Amino acid sequence: MKTIDLRSDTVTLPTQAMREAIYHAELGDDVFGEDPTTNRLEKIAAERMGKEAAIMVVSGTMGNLVSVLTHCRRGEEVILGDQSHMFLYEAGSMSAVGGIHPHTIANQPDGTIRLKNIEAAIRSSNVHFPRSRLICLENTHNRCYGSVLTPQYTESVAKLAGERGLRVHLDGARVFNAAVALGLDVTELTRHADSVSFCLSKGLSSPVGSLVCGSSQFIAEARRNRKVLGGGMRQSGIIAAAGIAALEQMVDRLAEDHENAKRLAEGIARIPGLSIELNRIQTNIVYFDVADDRFDAGALVKQLVGRGVKILQVGPGRLRAVTHYGINAEDIDLALAAMSEVMAKS
Ligand SMILES: Cc1ncc(COP(=O)(O)O)c(C=O)c1O
């Protein structure tokens, strides 16, 4: 029985082209700046994001932490959404490692943070307050149904940040999903941010790796901070080779994942006992609920595993399914059939 694993787009396996690229990768010591494949990936990534330079890191979490450490000093403050991945799911790293203070503001359902709330959160100069230094946005927004931030919204936040002497970091783990969903070049979404991190190992299917992009000066300092975290890698071209294949071959196909997510969401809406806000599905992340509180969402997850379908429980009655490379329309129909069967028996 084939497993249809919809828990996350991080479960994607490298393509044949990636495996071949890894096998043939030209290698050197990247801490000496001598890994030609890593250097090439970093150049391609910077160009794609419209920035001067880029640095490869092992994960999205490390990319965000390196960025925050590069923007802020100890005791300074980062303004970010209360539903952001950086606040909820990165082990409190900015405070644990950097002594940097997270100041959370409510995310709206579409992943934005209201400008007036950001403005109110920026501290005045007063000995009692930490210094506000950085605003972080997330595009697409994982917890907010994979929603897409528009270039106009990002620009308005950057304008406010600029006026108040703050910087903007974009957690763009899935920024290519946003670009594909909006039909825009990704630079439209990144140009207003001072730094951007994006992941190779989610929808783009690479086995490992993320990139941080920004000005040459910022990336030089980020390189030092990556080293502080033990993230200097040696023959990292092994990873970068797959990353190059990902950027060259795996971006446009994200549209297929978005279509499959829509198909899944529409199917879920037809299953008695499940409820979903269909109009919120914009990219590859689908959240839905068991409509009846008496039905245990955990039991649904377990019974689906027995039918070869994996989804994630993310709250008491709340479930998440993510579409990705390796999942086709037929798999979606099989997953829906399994969900219908389990719900019918409940
Ligand atoms: C929006 C967002 N940012 C950052 C990350 C962290 O990436 P990683 O798991 O590579 O550390 C994730 C992971 O799912 C994410 O969804």
# chains A, B, ... in the order shown; residues from 1 in each chain; ligands from 1
>>> residues_around(residues="segment 204-207 of chain A", least_positions_apart="6", cutoff="10 Å", atoms="only C-alpha atoms", output="ChimeraX atom specification")
/A:9-15,18-19,174,176-177,239-254,324-326
>>> residues_around(residues="His192 of chain A", least_positions_apart="6", cutoff="9 Å", atoms="only C-alpha atoms", output="ChimeraX atom specification")
/A:151,154-159,168
>>> residues_near_ligand(ligand="ligand 1", cutoff="7 Å", atoms="only C-alpha atoms and all ligand atoms", output="ChimeraX atom specification")
/A:59-62,85-86,138,140-142,171-174,199,201,209-210
>>> residues_around(residues="segment 312-322 of chain A", least_positions_apart="4", cutoff="10 Å", atoms="only C-alpha atoms", output="number ranges by chain")
A: 5-11, 143, 145-146, 203, 257-258, 260-261, 264-265, 274-276, 283-301, 327
>>> residues_around(residues="Lys116 of chain A", least_positions_apart="4", cutoff="10 Å", atoms="only C-alpha atoms", output="PyMOL selection string")
chain A and resi 120-121+160
>>> write_last_selection(atoms="C-alpha atoms", output="compact mmCIF listing (two decimals), in the first residue's frame")
# COMPACT_ATOMS: atom_id res chain seq x y z
CA ALA A 120 1.91 51.11 18.22
CA ALA A 121 4.38 48.35 19.08
CA LEU A 160 6.85 52.17 8.13
>>> select_by_dssp(residues="segment 162-319 of chain A", states="strand (DSSP E)", output="list in words")
Arg167, Val168, His169, Leu170, Asp171, Ser195, Val196, Ser197, Phe198, Cys199, Ser210, Leu211, Val212, Cys213, Gly214, Leu274, Ser275, Ile285, Val286, Tyr287, Phe288, Asp289, Val290, Val309, Lys310, Leu312, Gln313, Arg318 and Leu319 of chain A
>>> write_last_selection(atoms="N, CA, C and O atoms", output="compact mmCIF listing (two decimals), in the first residue's frame")
# COMPACT_ATOMS: atom_id res chain seq x y z
N ARG A 167 14.38 47.53 10.57
CA ARG A 167 14.60 46.72 9.36
C ARG A 167 13.50 45.68 9.26
O ARG A 167 12.79 45.39 10.22
N VAL A 168 13.41 45.08 8.06
CA VAL A 168 12.39 44.04 7.84
C VAL A 168 13.08 42.74 7.40
O VAL A 168 13.89 42.74 6.47
N HIS A 169 12.73 41.65 8.10
CA HIS A 169 13.17 40.32 7.66
C HIS A 169 11.94 39.55 7.20
O HIS A 169 10.91 39.55 7.87
N LEU A 170 12.08 38.89 6.07
CA LEU A 170 10.98 38.07 5.56
C LEU A 170 11.32 36.59 5.75
O LEU A 170 12.32 36.11 5.21
N ASP A 171 10.51 35.90 6.56
CA ASP A 171 10.61 34.45 6.62
C ASP A 171 9.86 33.93 5.40
O ASP A 171 8.65 33.76 5.40
N SER A 195 16.21 41.50 4.53
CA SER A 195 16.74 40.14 4.44
C SER A 195 15.59 39.17 4.21
O SER A 195 14.46 39.44 4.61
N VAL A 196 15.93 38.08 3.56
CA VAL A 196 14.93 37.04 3.25
C VAL A 196 15.56 35.69 3.51
O VAL A 196 16.72 35.46 3.14
N SER A 197 14.80 34.79 4.16
CA SER A 197 15.26 33.40 4.20
C SER A 197 14.25 32.57 3.42
O SER A 197 13.05 32.88 3.46
N PHE A 198 14.72 31.60 2.67
CA PHE A 198 13.78 30.68 2.01
C PHE A 198 14.32 29.27 2.07
O PHE A 198 15.52 29.05 2.22
N CYS A 199 13.41 28.30 1.97
CA CYS A 199 13.77 26.90 2.16
C CYS A 199 13.83 26.14 0.84
O CYS A 199 12.97 26.31 -0.02
N SER A 210 18.52 25.85 3.42
CA SER A 210 17.80 27.11 3.25
C SER A 210 18.84 28.16 2.88
O SER A 210 20.04 27.94 3.03
N LEU A 211 18.36 29.29 2.40
CA LEU A 211 19.27 30.39 2.10
C LEU A 211 18.82 31.66 2.77
O LEU A 211 17.62 31.89 2.90
N VAL A 212 19.80 32.45 3.20
CA VAL A 212 19.53 33.80 3.69
C VAL A 212 20.10 34.75 2.65
O VAL A 212 21.23 34.56 2.19
N CYS A 213 19.31 35.74 2.26
CA CYS A 213 19.74 36.67 1.21
C CYS A 213 19.63 38.11 1.73
O CYS A 213 18.70 38.43 2.47
N GLY A 214 20.55 38.94 1.29
CA GLY A 214 20.52 40.35 1.72
C GLY A 214 21.67 41.10 1.08
O GLY A 214 22.24 40.65 0.08
N LEU A 274 -16.89 16.96 8.63
CA LEU A 274 -15.68 17.80 8.56
C LEU A 274 -16.07 19.20 8.13
O LEU A 274 -17.03 19.37 7.36
N SER A 275 -15.35 20.20 8.61
CA SER A 275 -15.67 21.56 8.17
C SER A 275 -14.39 22.28 7.74
O SER A 275 -13.30 22.02 8.29
N ILE A 285 -1.33 24.58 1.67
CA ILE A 285 -1.60 24.18 3.07
C ILE A 285 -3.11 24.22 3.32
O ILE A 285 -3.76 25.23 3.07
N VAL A 286 -3.63 23.11 3.81
CA VAL A 286 -5.07 22.98 4.04
C VAL A 286 -5.31 22.69 5.52
O VAL A 286 -4.81 21.68 6.04
N TYR A 287 -6.03 23.58 6.19
CA TYR A 287 -6.46 23.30 7.57
C TYR A 287 -7.95 22.98 7.54
O TYR A 287 -8.71 23.56 6.74
N PHE A 288 -8.37 22.06 8.37
CA PHE A 288 -9.80 21.76 8.48
C PHE A 288 -10.09 21.23 9.88
O PHE A 288 -9.16 20.98 10.66
N ASP A 289 -11.38 21.12 10.19
CA ASP A 289 -11.78 20.75 11.55
C ASP A 289 -12.77 19.60 11.53
O ASP A 289 -13.51 19.43 10.55
N VAL A 290 -12.79 18.86 12.63
CA VAL A 290 -13.91 17.94 12.80
C VAL A 290 -15.05 18.78 13.37
O VAL A 290 -14.87 19.51 14.35
N VAL A 309 -2.92 6.90 4.79
CA VAL A 309 -2.96 8.36 4.63
C VAL A 309 -2.47 9.02 5.92
O VAL A 309 -2.96 8.69 7.00
N LYS A 310 -1.51 9.93 5.78
CA LYS A 310 -0.99 10.62 6.98
C LYS A 310 -1.33 12.09 6.91
O LYS A 310 -1.02 12.76 5.91
N LEU A 312 -1.79 15.70 9.84
CA LEU A 312 -1.29 16.14 11.13
C LEU A 312 -2.42 16.73 11.96
O LEU A 312 -3.23 17.50 11.45
N GLN A 313 -2.46 16.36 13.24
CA GLN A 313 -3.39 17.04 14.14
C GLN A 313 -2.65 18.24 14.74
O GLN A 313 -1.56 18.11 15.28
N ARG A 318 -8.54 20.16 15.24
CA ARG A 318 -8.00 20.80 14.04
C ARG A 318 -6.95 19.93 13.36
O ARG A 318 -6.10 19.33 14.01
N LEU A 319 -7.03 19.87 12.03
CA LEU A 319 -6.14 19.00 11.26
C LEU A 319 -5.48 19.79 10.15
O LEU A 319 -6.01 20.80 9.69
>>> select_by_dssp(residues="segment 42-210 of chain A", states="helix (DSSP H, G or I)", output="ChimeraX atom specification")
/A:42-49,60-71,85-88,93-98,115-121,151-163,175-182,187-190
>>> write_last_selection(atoms="C-alpha atoms", output="mmCIF file, in the first residue's frame")
data_model
loop_
_atom_site.group_PDB
_atom_site.id
_atom_site.type_symbol
_atom_site.label_atom_id
_atom_site.label_comp_id
_atom_site.auth_asym_id
_atom_site.auth_seq_id
_atom_site.Cartn_x
_atom_site.Cartn_y
_atom_site.Cartn_z
ATOM 1 C CA GLU A 42 24.478 31.265 -3.293
ATOM 2 C CA LYS A 43 24.960 33.370 -6.441
ATOM 3 C CA ILE A 44 21.828 31.944 -8.078
ATOM 4 C CA ALA A 45 19.782 32.406 -4.881
ATOM 5 C CA ALA A 46 20.862 36.030 -4.453
ATOM 6 C CA GLU A 47 19.935 36.753 -8.071
ATOM 7 C CA ARG A 48 16.569 35.034 -7.747
ATOM 8 C CA MET A 49 15.742 37.058 -4.614
ATOM 9 C CA GLY A 60 14.782 27.523 7.828
ATOM 10 C CA THR A 61 15.104 27.835 11.593
ATOM 11 C CA MET A 62 18.825 28.512 11.307
ATOM 12 C CA GLY A 63 18.187 30.970 8.471
ATOM 13 C CA ASN A 64 15.777 32.977 10.588
ATOM 14 C CA LEU A 65 18.019 32.872 13.648
ATOM 15 C CA VAL A 66 21.130 33.914 11.700
ATOM 16 C CA SER A 67 19.103 36.786 10.228
ATOM 17 C CA VAL A 68 17.811 37.967 13.604
ATOM 18 C CA LEU A 69 21.291 37.710 15.169
ATOM 19 C CA THR A 70 22.674 39.756 12.296
ATOM 20 C CA HIS A 71 20.039 42.487 12.578
ATOM 21 C CA HIS A 85 6.673 30.199 12.777
ATOM 22 C CA MET A 86 9.568 32.196 14.226
ATOM 23 C CA PHE A 87 7.639 32.809 17.437
ATOM 24 C CA LEU A 88 5.792 29.511 17.802
ATOM 25 C CA SER A 93 15.862 30.605 19.620
ATOM 26 C CA MET A 94 16.108 34.385 19.339
ATOM 27 C CA SER A 95 15.837 34.763 23.110
ATOM 28 C CA ALA A 96 17.581 31.513 24.033
ATOM 29 C CA VAL A 97 20.628 32.154 21.877
ATOM 30 C CA GLY A 98 20.581 35.853 21.095
ATOM 31 C CA LEU A 115 0.064 48.437 10.306
ATOM 32 C CA LYS A 116 -1.407 50.485 13.119
ATOM 33 C CA ASN A 117 -0.601 47.662 15.533
ATOM 34 C CA ILE A 118 2.980 47.510 14.303
ATOM 35 C CA GLU A 119 3.239 51.249 14.661
ATOM 36 C CA ALA A 120 1.909 51.115 18.218
ATOM 37 C CA ALA A 121 4.382 48.350 19.084
ATOM 38 C CA PRO A 151 3.872 43.089 -2.536
ATOM 39 C CA GLN A 152 1.778 46.118 -1.546
ATOM 40 C CA TYR A 153 1.436 44.929 2.038
ATOM 41 C CA THR A 154 5.146 44.135 2.346
ATOM 42 C CA GLU A 155 5.987 47.529 0.897
ATOM 43 C CA SER A 156 3.741 49.312 3.409
ATOM 44 C CA VAL A 157 5.440 47.524 6.325
ATOM 45 C CA ALA A 158 8.883 48.320 4.896
ATOM 46 C CA LYS A 159 7.903 51.968 4.495
ATOM 47 C CA LEU A 160 6.845 52.168 8.131
ATOM 48 C CA ALA A 161 10.019 50.355 9.220
ATOM 49 C CA GLY A 162 12.167 52.738 7.176
ATOM 50 C CA GLU A 163 10.472 55.796 8.690
ATOM 51 C CA VAL A 175 8.018 32.438 -0.719
ATOM 52 C CA PHE A 176 8.065 30.667 -4.099
ATOM 53 C CA ASN A 177 4.594 29.289 -3.334
ATOM 54 C CA ALA A 178 3.476 32.883 -2.817
ATOM 55 C CA ALA A 179 5.070 34.046 -6.072
ATOM 56 C CA VAL A 180 3.520 31.188 -8.048
ATOM 57 C CA ALA A 181 0.091 31.773 -6.459
ATOM 58 C CA LEU A 182 0.203 35.470 -7.336
ATOM 59 C CA THR A 187 11.535 39.635 -6.351
ATOM 60 C CA GLU A 188 8.223 41.529 -6.159
ATOM 61 C CA LEU A 189 7.730 39.869 -2.771
ATOM 62 C CA THR A 190 11.302 40.210 -1.511
#
>>> residues_around(residues="Thr112 of chain A", least_positions_apart="3", cutoff="7 Å", atoms="only C-alpha atoms", output="ChimeraX atom specification")
/A:107-108,149
>>> closest_residue(among="A:Val228, A:Ile332, A:Ile311, A:Met343", to="Pro272 of chain A", atoms="only C-alpha atoms")
A:Met343
>>> atom_distance(atom1="atom CA of Ser236 of chain A", atom2="atom CA of Lys51 of chain A")
21.6 Å
>>> atom_distance(atom1="atom CA of Leu336 of chain A", atom2="atom CA of Val148 of chain A")
25.4 Å
>>> decode(residues="segment 198-221 of chain A", atoms="N, CA and C atoms", output="PDB file, in the first residue's frame")
ATOM      1  N   PHE A 198      14.723  31.602   2.671  1.00  0.00           N
ATOM      2  CA  PHE A 198      13.778  30.682   2.014  1.00  0.00           C
ATOM      3  C   PHE A 198      14.322  29.268   2.070  1.00  0.00           C
ATOM      4  N   CYS A 199      13.405  28.302   1.973  1.00  0.00           N
ATOM      5  CA  CYS A 199      13.771  26.897   2.162  1.00  0.00           C
ATOM      6  C   CYS A 199      13.833  26.144   0.839  1.00  0.00           C
ATOM      7  N   LEU A 200      14.845  25.292   0.741  1.00  0.00           N
ATOM      8  CA  LEU A 200      14.960  24.386  -0.408  1.00  0.00           C
ATOM      9  C   LEU A 200      14.264  23.070  -0.123  1.00  0.00           C
ATOM     10  N   SER A 201      14.042  22.806   1.166  1.00  0.00           N
ATOM     11  CA  SER A 201      13.666  21.445   1.570  1.00  0.00           C
ATOM     12  C   SER A 201      12.177  21.288   1.846  1.00  0.00           C
ATOM     13  N   LYS A 202      11.364  22.241   1.371  1.00  0.00           N
ATOM     14  CA  LYS A 202       9.914  22.073   1.532  1.00  0.00           C
ATOM     15  C   LYS A 202       9.348  21.748   0.152  1.00  0.00           C
ATOM     16  N   GLY A 203       8.502  22.625  -0.400  1.00  0.00           N
ATOM     17  CA  GLY A 203       7.920  22.299  -1.710  1.00  0.00           C
ATOM     18  C   GLY A 203       8.946  22.097  -2.814  1.00  0.00           C
ATOM     19  N   LEU A 204      10.151  22.662  -2.644  1.00  0.00           N
ATOM     20  CA  LEU A 204      11.151  22.531  -3.704  1.00  0.00           C
ATOM     21  C   LEU A 204      11.873  21.183  -3.657  1.00  0.00           C
ATOM     22  N   SER A 205      11.595  20.385  -2.630  1.00  0.00           N
ATOM     23  CA  SER A 205      11.986  18.956  -2.591  1.00  0.00           C
ATOM     24  C   SER A 205      13.448  18.639  -2.353  1.00  0.00           C
ATOM     25  N   SER A 206      14.272  19.638  -2.071  1.00  0.00           N
ATOM     26  CA  SER A 206      15.667  19.316  -1.747  1.00  0.00           C
ATOM     27  C   SER A 206      15.720  18.584  -0.413  1.00  0.00           C
ATOM     28  N   PRO A 207      16.755  17.774  -0.196  1.00  0.00           N
ATOM     29  CA  PRO A 207      16.811  17.048   1.079  1.00  0.00           C
ATOM     30  C   PRO A 207      17.122  17.949   2.277  1.00  0.00           C
ATOM     31  N   VAL A 208      17.944  18.961   2.087  1.00  0.00           N
ATOM     32  CA  VAL A 208      18.396  19.817   3.196  1.00  0.00           C
ATOM     33  C   VAL A 208      18.631  21.228   2.660  1.00  0.00           C
ATOM     34  N   GLY A 209      18.446  22.223   3.499  1.00  0.00           N
ATOM     35  CA  GLY A 209      19.001  23.536   3.180  1.00  0.00           C
ATOM     36  C   GLY A 209      18.036  24.679   3.020  1.00  0.00           C
ATOM     37  N   SER A 210      18.523  25.851   3.418  1.00  0.00           N
ATOM     38  CA  SER A 210      17.802  27.114   3.251  1.00  0.00           C
ATOM     39  C   SER A 210      18.835  28.162   2.878  1.00  0.00           C
ATOM     40  N   LEU A 211      18.359  29.289   2.404  1.00  0.00           N
ATOM     41  CA  LEU A 211      19.270  30.389   2.096  1.00  0.00           C
ATOM     42  C   LEU A 211      18.824  31.660   2.767  1.00  0.00           C
ATOM     43  N   VAL A 212      19.801  32.447   3.198  1.00  0.00           N
ATOM     44  CA  VAL A 212      19.531  33.795   3.690  1.00  0.00           C
ATOM     45  C   VAL A 212      20.103  34.745   2.645  1.00  0.00           C
ATOM     46  N   CYS A 213      19.307  35.740   2.256  1.00  0.00           N
ATOM     47  CA  CYS A 213      19.742  36.671   1.212  1.00  0.00           C
ATOM     48  C   CYS A 213      19.629  38.106   1.727  1.00  0.00           C
ATOM     49  N   GLY A 214      20.553  38.936   1.295  1.00  0.00           N
ATOM     50  CA  GLY A 214      20.523  40.346   1.718  1.00  0.00           C
ATOM     51  C   GLY A 214      21.668  41.101   1.077  1.00  0.00           C
ATOM     52  N   SER A 215      22.046  42.231   1.670  1.00  0.00           N
ATOM     53  CA  SER A 215      23.162  43.004   1.119  1.00  0.00           C
ATOM     54  C   SER A 215      24.464  42.232   1.367  1.00  0.00           C
ATOM     55  N   SER A 216      25.516  42.602   0.632  1.00  0.00           N
ATOM     56  CA  SER A 216      26.805  41.899   0.798  1.00  0.00           C
ATOM     57  C   SER A 216      27.305  42.048   2.232  1.00  0.00           C
ATOM     58  N   GLN A 217      27.123  43.240   2.782  1.00  0.00           N
ATOM     59  CA  GLN A 217      27.600  43.493   4.148  1.00  0.00           C
ATOM     60  C   GLN A 217      26.825  42.637   5.160  1.00  0.00           C
ATOM     61  N   PHE A 218      25.501  42.562   4.951  1.00  0.00           N
ATOM     62  CA  PHE A 218      24.659  41.765   5.847  1.00  0.00           C
ATOM     63  C   PHE A 218      25.071  40.289   5.785  1.00  0.00           C
ATOM     64  N   ILE A 219      25.301  39.807   4.579  1.00  0.00           N
ATOM     65  CA  ILE A 219      25.625  38.375   4.436  1.00  0.00           C
ATOM     66  C   ILE A 219      27.023  38.074   5.001  1.00  0.00           C
ATOM     67  N   ALA A 220      27.941  39.018   4.891  1.00  0.00           N
ATOM     68  CA  ALA A 220      29.277  38.807   5.485  1.00  0.00           C
ATOM     69  C   ALA A 220      29.139  38.626   6.999  1.00  0.00           C
ATOM     70  N   GLU A 221      28.292  39.423   7.619  1.00  0.00           N
ATOM     71  CA  GLU A 221      28.064  39.333   9.063  1.00  0.00           C
ATOM     72  C   GLU A 221      27.263  38.061   9.391  1.00  0.00           C
TER      73      GLU A 221
END
